[in-house]
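Colleague: Submitted below is the structure of interest, expressed as structure tokens.
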Amino acid sequence: MARPLQKKENPDWWILISALLLLVFGLMMVFSSSQYFTSYPPYNDALYYLKRQAVSAGVGLVGLIVAYKMTAVWYKRFALPFFLVVLALLIFMVINEQIEVIGGAQRWMEIAGIQFQPSELSKIALPMLLACILTGWQREIKTFKCAAYCIGLTGVVCGLIILQKDLSTAVVVGVACFAMMLCAGIDVKYLLAVVGCGIGGAILAIILEPYRMERVYSWLNPWAYPKDEGYQAIQSLLALGSGGLTGVGLGNGGAKWFYLPSRHTDFIFSVLGEELGFVGAAFLVIVFMIFVWRGMTAAVKNESVFASLLTVGLTSVVAAQALVNLGVVTGLLPVTGVTLPFVSYGGTSLVVTLTLTGIILNLSRSRR
């Protein structure tokens, strides 16, 4: 029996609604977690972070609309040039000794006064190119050649990101590409070999960097390092525990009063848990689950192999990043610098996340 033809329909509104809900939550929590501290020098503006995040949200929404208006043909045409530009930027970040180290990592580049993270762009560029390759090699999908090519490409990008001392972003990108290759049908034995190599590489990356080893020790027993490496994890757990069922009230949290570092970025979920309690935190997690569920549903229903794989990759980026951030905040994973998608303060992350949401929305219109 012939398959039903694709037809252009309305996008999956659940994806858009959940993304906008997360964005509103983010703006609200960025304001709540930063308003009391930015009145001090050098900013002298209680709304400093909120204003910057609102501008990033505006740019990201423009990116969402542009990505939504494009067709899958344009995604294919731009995939290779876009990837090469991102690859060049990643190489530049590694070889340029003038890149400033912030938070132990060399992630940031400044062009014309605009600061951004090239590694964030790889969350779109690599899945887009990988979707093209996996689609074009459908007849050879089980061969070692196809597996080696796709795995090697992913390894190069993740390796360049790791050399910037940004292990968390490399993990997010690697997990998303792994999901794409698994769904595309690459032989499982090759993927299992990759998992083994990835775990080995991650362990090696941790061993070779003393600060990462210290983070592992503090993760295993943060209370043994209450004043240094374990401080952040302890304060995060105390904030979450203080929230109880319904929280202490929006804006009334105590952890953000110079106790919890990275309160408006990596650990914003801790502030949310304290101020909105278990109910607020659970609601946010449910919204993330809806976003991922509808994204994967759109991938399954799409008859185009390219669109399906790209949707899997981009949805997996959001899912993996959210899981890593929530794992760090709740003490399930060692402390590492990764933002909570849509919610944490961070211009590049927010713009990229909203743009890839536009791509997912676009591709969700074509379904059986």
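Quick note on naming: the chains in the structure tokens go A, B, ... in the order shown, residues restart at 1 in each chain, and ligands are numbered from 1 in order of appearance.
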With only C-alpha atoms counted and 10 Å as the cut-off, give the residues of stretch 213-233 of chain A in contact with stretch 258-276 of chain A, each with its shortest interatomic distance in Å and the pair that gives it, as a tab-separated table.
Modeller:
```
residue	atom	partner	partner_atom	distance
A:Tyr231	CA	A:Leu260	CA	8.4
A:Gln232	CA	A:Leu260	CA	6.4
A:Ala233	CA	A:Leu260	CA	8.9
```
Colleague: Next, write the just-selected residues to a file, as an mmCIF file, in the first residue's frame, keeping C-alpha atoms as the atom set.
Modeller:
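Once everything was written out, this is selection20.cif:
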```cif
data_model
loop_
_atom_site.group_PDB
_atom_site.id
_atom_site.type_symbol
_atom_site.label_atom_id
_atom_site.label_comp_id
_atom_site.auth_asym_id
_atom_site.auth_seq_id
_atom_site.Cartn_x
_atom_site.Cartn_y
_atom_site.Cartn_z
ATOM 1 C CA TYR A 231 30.167 25.310 47.666
ATOM 2 C CA GLN A 232 28.056 25.759 44.536
ATOM 3 C CA ALA A 233 26.461 22.317 44.734
#
```
Colleague: Could you pull the residues within 7 Å of stretch 126-139 of chain A, counting only C-alpha atoms, minus those fewer than 3 positions along the same chain, as JSON, numbers by chain?
Modeller: {"A": [76, 79, 80, 83, 122, 123, 150, 177, 184, 305, 306, 309, 310, 313, 314]}
Colleague: Considering only C-alpha atoms, can you say which of A:Val279, A:Ile359, A:Leu50, A:Met296 comes closest to A:Val248?
Modeller: A:Val279
Colleague: I'd like a table as CSV: residues in stretch 223-341 of chain A with an atom no more than 6 Å from stretch 13-32 of chain A, each row giving the shortest atom pair and its distance in Å to one decimal, only C-alpha atoms counted, sorted by chain and rising residue number.
Modeller:
```
residue,atom,partner,partner_atom,distance
A:Gly251,CA,A:Ser32,CA,5.2
A:His264,CA,A:Val30,CA,5.5
A:Val287,CA,A:Ser18,CA,5.7
A:Phe291,CA,A:Ile15,CA,5.2
```
Colleague: Using only C-alpha atoms, find each residue in stretch 318-345 of chain A having at least one atom no more than 12 Å away from stretch 56-75 of chain A; report its shortest atom-to-atom pair and that distance in Å (one decimal), rows by chain then rising number, as a Markdown table.
Modeller:
```
| residue | atom | partner | partner_atom | distance |
| --- | --- | --- | --- | --- |
| A:Phe342 | CA | A:Ala57 | CA | 8.9 |
| A:Val343 | CA | A:Ala57 | CA | 10.5 |
| A:Ser344 | CA | A:Ala57 | CA | 11.5 |
| A:Tyr345 | CA | A:Ser56 | CA | 9.4 |
```
Colleague: Once you have the residues from the selection above, write them out as a PDB file, in the first residue's frame, restricted to N, CA and C atoms.
Modeller:
```pdb
ATOM      1  N   PHE A 342      16.177  28.222  27.045  1.00  0.00           N
ATOM      2  CA  PHE A 342      15.074  29.193  27.120  1.00  0.00           C
ATOM      3  C   PHE A 342      15.065  29.988  28.426  1.00  0.00           C
ATOM      4  N   VAL A 343      15.596  29.428  29.502  1.00  0.00           N
ATOM      5  CA  VAL A 343      15.378  29.991  30.836  1.00  0.00           C
ATOM      6  C   VAL A 343      16.578  30.792  31.342  1.00  0.00           C
ATOM      7  N   SER A 344      17.777  30.226  31.274  1.00  0.00           N
ATOM      8  CA  SER A 344      18.962  30.881  31.815  1.00  0.00           C
ATOM      9  C   SER A 344      19.320  32.148  31.038  1.00  0.00           C
ATOM     10  N   TYR A 345      19.987  33.058  31.742  1.00  0.00           N
ATOM     11  CA  TYR A 345      20.519  34.244  31.082  1.00  0.00           C
ATOM     12  C   TYR A 345      21.667  33.831  30.170  1.00  0.00           C
TER      13      TYR A 345
END
```
Colleague: For A:Glu209, which residue out of A:Val171, A:Ala176, A:Leu191, A:Leu163 is the nearest one, using only C-alpha atoms?
Modeller: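 Answer, going by the shortest atom-to-atom distance: A:Leu163.
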Colleague: So, with only C-alpha atoms as the atoms that count, which of A:Ser34, A:Val351, A:Leu284, A:Pro210 lies closest to A:Lys256?
Modeller: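 Nearest to A:Lys256: A:Ser34.
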Colleague: How many Å separate atom CA of A:Val55 from atom CA of A:Leu361?
Modeller: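 According to the coordinates, atom CA of A:Val55 and atom CA of A:Leu361 are separated by 22.0 Å.
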Colleague: List every residue of stretch 219-365 of chain A that DSSP, applied to the backbone of this structure, places in alpha helix (DSSP H), and write the result as a PyMOL selection string.
Modeller: chain A and resi 219-220+231-243+268-301+305-329+347-363
Colleague: I need the strand (DSSP E) residues of stretch 38-273 of chain A per DSSP on the backbone, written as a PyMOL selection string.
Modeller: chain A and resi 109-111+114-116
Colleague: When distances are computed from only C-alpha atoms, which of A:Arg215, A:Lys189, A:Arg52, A:Lys165 shows the smallest separation from A:Val328?
Modeller: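 Checking each of A:Arg215, A:Lys189, A:Arg52, A:Lys165 against A:Val328, counting only C-alpha atoms, the winner is A:Arg215.
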Colleague: Smallest atom-to-atom distance to A:Val156: which of A:Leu220, A:Leu323, A:Leu340, A:Ala170, using only C-alpha atoms?
Modeller: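 Checking each of A:Leu220, A:Leu323, A:Leu340, A:Ala170 against A:Val156, counting only C-alpha atoms, the winner is A:Ala170.
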Colleague: What's the separation between atom CA of A:Asp228 and atom CA of A:Gly331, in Å to one decimal place?
Modeller: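 Taking atom CA of A:Asp228 as the start and atom CA of A:Gly331 as the end point, the length is 15.7 Å.
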Colleague: Looking at A:Phe283, A:Phe116, A:Tyr211, A:Tyr190, which one is nearest to A:Val352, with distances taken over only C-alpha atoms?
Modeller: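 Looking only at the distances to A:Val352, the closest residue turns out to be A:Phe116.
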